[in-house]
Amino acid sequence: MDKNSNYNPPRLALTFFRWFCHPDFREEIEGDLLEQFHKKTQKYGLLKAKSLFIKDVLLLFRSNIIKNFSHFSFIQFTDMKTIISLFAFCLLTIVLIVSPFFPGPSNSLVIGLSSVSLTLGFLGLLLVPVGVLWVIAEWKKSRQPEGKTINWKPSYYLSIIATVIIVTISLIYIPLTYHFAGVLASAAFVILLSWLLYRMIRFIRKIKSQSSRAFISMPVYLIALPLIAFTANKFLVDPLSNYSRKLAIKKSEILIHAIEAYKNREGEYPESLENLKGKYIDQIPKSSVMGVTSYRYSKLDDDFTLAFSQWKDGASLEELVIYDKSPVSKKDYANFNYKLDRYRTLGAFASYDAGIKHWRYYLCD
Amino acid sequence: MSQYHLGEFEEIVLLTVAILNGEAYGVSIIEEIESKVERNVSLGAIQTALKRLEDKGFVDSAFGEATKIRGGKRKRYYTITGEGQKILRKTKDQRASFWNAIPKAVLK
């Protein structure tokens, strides 16, 4: 035996292989991998042998070597149907959250559904600790030996706590959804809640019947969906709202040109956008993003503003985007430099430059 | 005759198992193929083909010895079955019939 036999293959790749490879094939294939690694170390040197080992492991990641997913440690208590269903719900949550930023005409239902999903992200986080404890309780229950009495009480009480939290959150949020997003969105919320309650009550009955040691997958949803919604909100909503704001601003350029052309010709700004039609513009541009409202025009003394808004953070935060040529003044107070403008008093708690001249956006809750 | 067909790569692997005559396991099969067809073959491709051939009943397998360079892991030796021999002969005959059908003027 030469010294090369003492070299070890990349540990992470080997761990990954041991994780995904079906247990029935693991011994022989791992032996082949290690034998090849030994021979390649002699032939090509350690560095190349390691990179070839990683390549071989990656090329082994195929369906008939994995064979089935049941031996994967983190999902061994659940079945493929649950995994697909969980994946589908996570995907649906993400799609609903970002749907106000899809291209299309302004749509309050889309905003409402997005806000329902975002609620999962914030208030639903209360469910995560309950879900974790419930998963542990289910895991312990499923590992109890045959013949021993099933300890169903932890799962039972945790499922009741989860149900109470879901109902409380919903009772607070359904009227808010109705107020901000309309009847369709609140009806969708009620349907979702009814379905969720139906499922929860079924699970609670199943647990109480003590009939099965089988792992109940509901707590996995209680952990996954709020975390997915929270993560999507954290990482997707801001970049997407920046994009949709810039898109709407860009689309308004033609409108601003038409307004200025009207002023040059008529000596004053138009009373409404309708005055521009025909002579200055063929059609008033509409919102090109579902979550963005149509353009709102206001004539001031010798000035005008153009505005639109979009919802953020689950219909709890309206972003008002305004074109205004009036200068922004600055004021120092308690060593902070505030930017003051005429909209400061209209309910906005913060305002920011939109990155395009004369455009600012205001956050109103 | 088996209902299964033999893919091109499966045929090469099955032929190699027959050539190695009781000494065929993952690494030895790779080395034999690479020496004959002058192309690199991955362990993943070989293992996939071997599992398929075993599922189709063309090869049998049994654990052999463990060695130190294999980290104490046993080899799995593959041997060709009667069905495997039949499918190889059939494939050979089919190919021969194609070769025989080529007009002499085409392959000068």
# chains A, B, ... in the order shown; residues from 1 in each chain; ligands from 1
$ residues_around --residues "A:Glu35" --least-positions-apart "6" --cutoff "9 Å" --atoms "only C-alpha atoms" --output "ChimeraX atom specification"
/B:27,67-71
$ interface_residues --of "chain A" --to "chain B" --cutoff "9 Å" --atoms "only C-alpha atoms" --output "list of chain:residue names"
A:Met1, A:Ser5, A:Asn6, A:Glu27, A:Glu28, A:Ile29, A:Glu30, A:Gly31, A:Asp32, A:Leu33, A:Leu34, A:Glu35, A:Gln36, A:Phe37, A:His38, A:Lys55, A:Asp56, A:Val57, A:Leu58, A:Leu59, A:Leu60, A:Phe61, A:Arg62, A:Ser63, A:Asn64, A:Ile65
$ select_by_dssp --residues "chain B" --states "strand (DSSP E or B)" --output "VMD selection string"
chain B and resid 24 59 to 66 74 to 80
$ write_last_selection --atoms "C-alpha atoms" --output "PDB file, in the first residue's frame"
ATOM      1  CA  ALA B  24     -16.863  -7.339 -13.426  1.00  0.00           C
ATOM      2  CA  VAL B  59     -27.075  -9.616 -15.185  1.00  0.00           C
ATOM      3  CA  ASP B  60     -26.886 -11.040 -11.681  1.00  0.00           C
ATOM      4  CA  SER B  61     -24.848  -9.594  -8.865  1.00  0.00           C
ATOM      5  CA  ALA B  62     -23.279 -10.662  -5.609  1.00  0.00           C
ATOM      6  CA  PHE B  63     -21.069  -8.996  -3.028  1.00  0.00           C
ATOM      7  CA  GLY B  64     -17.374  -9.838  -3.108  1.00  0.00           C
ATOM      8  CA  GLU B  65     -14.432  -8.863  -0.985  1.00  0.00           C
ATOM      9  CA  ALA B  66     -13.652  -5.535   0.693  1.00  0.00           C
ATOM     10  CA  ARG B  74     -17.322  -4.611  -0.595  1.00  0.00           C
ATOM     11  CA  LYS B  75     -17.326  -4.903  -4.389  1.00  0.00           C
ATOM     12  CA  ARG B  76     -20.474  -5.973  -6.147  1.00  0.00           C
ATOM     13  CA  TYR B  77     -19.573  -8.452  -8.896  1.00  0.00           C
ATOM     14  CA  TYR B  78     -21.814  -8.752 -11.928  1.00  0.00           C
ATOM     15  CA  THR B  79     -22.223 -11.842 -14.095  1.00  0.00           C
ATOM     16  CA  ILE B  80     -24.210 -12.247 -17.286  1.00  0.00           C
TER      17      ILE B  80
END
$ residues_around --residues "A:Phe203" --least-positions-apart "3" --cutoff "10 Å" --atoms "only C-alpha atoms" --output "list in words"
Ser155, Tyr156, Ser159, Ile160, Leu197, Tyr198, Arg199, Met200, Lys206, Ile207, Lys208, Ser209, Ile216, Ser217 and Met218 of chain A
$ select_by_dssp --residues "stretch 28-80 of chain B" --states "helix (DSSP H, G or I)" --output "PyMOL selection string"
chain B and resi 28-37+43-56+68-70
$ residues_around --residues "B:Glu8" --least-positions-apart "5" --cutoff "12 Å" --atoms "only C-alpha atoms" --output "list of chain:residue names"
B:Val13, B:Leu14, B:Leu15, B:Ala49, B:Leu88, B:Thr91, B:Lys92, B:Arg95
$ write_last_selection --atoms "N, CA, C and O atoms" --output "tab-separated table (two decimals), in the first residue's frame"
chain	number	residue	atom	x	y	z
B	13	VAL	N	-21.95	-2.20	-21.87
B	13	VAL	CA	-21.72	-2.62	-20.47
B	13	VAL	C	-21.94	-4.14	-20.34
B	13	VAL	O	-21.14	-4.84	-19.70
B	14	LEU	N	-22.97	-4.64	-21.00
B	14	LEU	CA	-23.26	-6.08	-20.91
B	14	LEU	C	-22.13	-6.89	-21.55
B	14	LEU	O	-21.71	-7.93	-21.01
B	15	LEU	N	-21.63	-6.42	-22.70
B	15	LEU	CA	-20.50	-7.08	-23.35
B	15	LEU	C	-19.27	-7.09	-22.42
B	15	LEU	O	-18.57	-8.09	-22.30
B	49	ALA	N	-26.52	1.97	-15.80
B	49	ALA	CA	-26.69	0.90	-16.79
B	49	ALA	C	-26.75	-0.47	-16.09
B	49	ALA	O	-27.58	-1.32	-16.45
B	88	LEU	N	-27.71	-10.62	-26.11
B	88	LEU	CA	-26.47	-10.24	-26.81
B	88	LEU	C	-26.39	-10.91	-28.17
B	88	LEU	O	-26.03	-10.29	-29.17
B	91	THR	N	-28.85	-9.27	-30.51
B	91	THR	CA	-28.36	-7.97	-30.97
B	91	THR	C	-27.27	-8.15	-32.02
B	91	THR	O	-27.24	-7.44	-33.04
B	92	LYS	N	-26.39	-9.14	-31.76
B	92	LYS	CA	-25.30	-9.40	-32.72
B	92	LYS	C	-25.86	-9.82	-34.08
B	92	LYS	O	-25.42	-9.34	-35.13
B	95	ARG	N	-27.42	-6.91	-35.93
B	95	ARG	CA	-26.38	-6.05	-36.54
B	95	ARG	C	-25.77	-6.71	-37.75
B	95	ARG	O	-25.51	-6.06	-38.77
$ atom_distance --atom1 "atom CA of A:Ala13" --atom2 "atom CA of A:Phe25"
16.6 Å
$ residues_around --residues "A:Leu192" --least-positions-apart "4" --cutoff "12 Å" --atoms "only C-alpha atoms" --output "list in words"
Leu113, Val116, Ser117, Leu120, Ile166, Val167, Ser170, Ile174, Ala185, Ser186, Ala187, Ala188, Leu196, Leu197, Tyr198 and Arg199 of chain A
$ atom_distance --atom1 "atom CA of A:Leu184" --atom2 "atom CA of A:Gly291"
15.3 Å
$ atom_distance --atom1 "atom CA of A:Tyr280" --atom2 "atom CA of A:Lys325"
20.8 Å
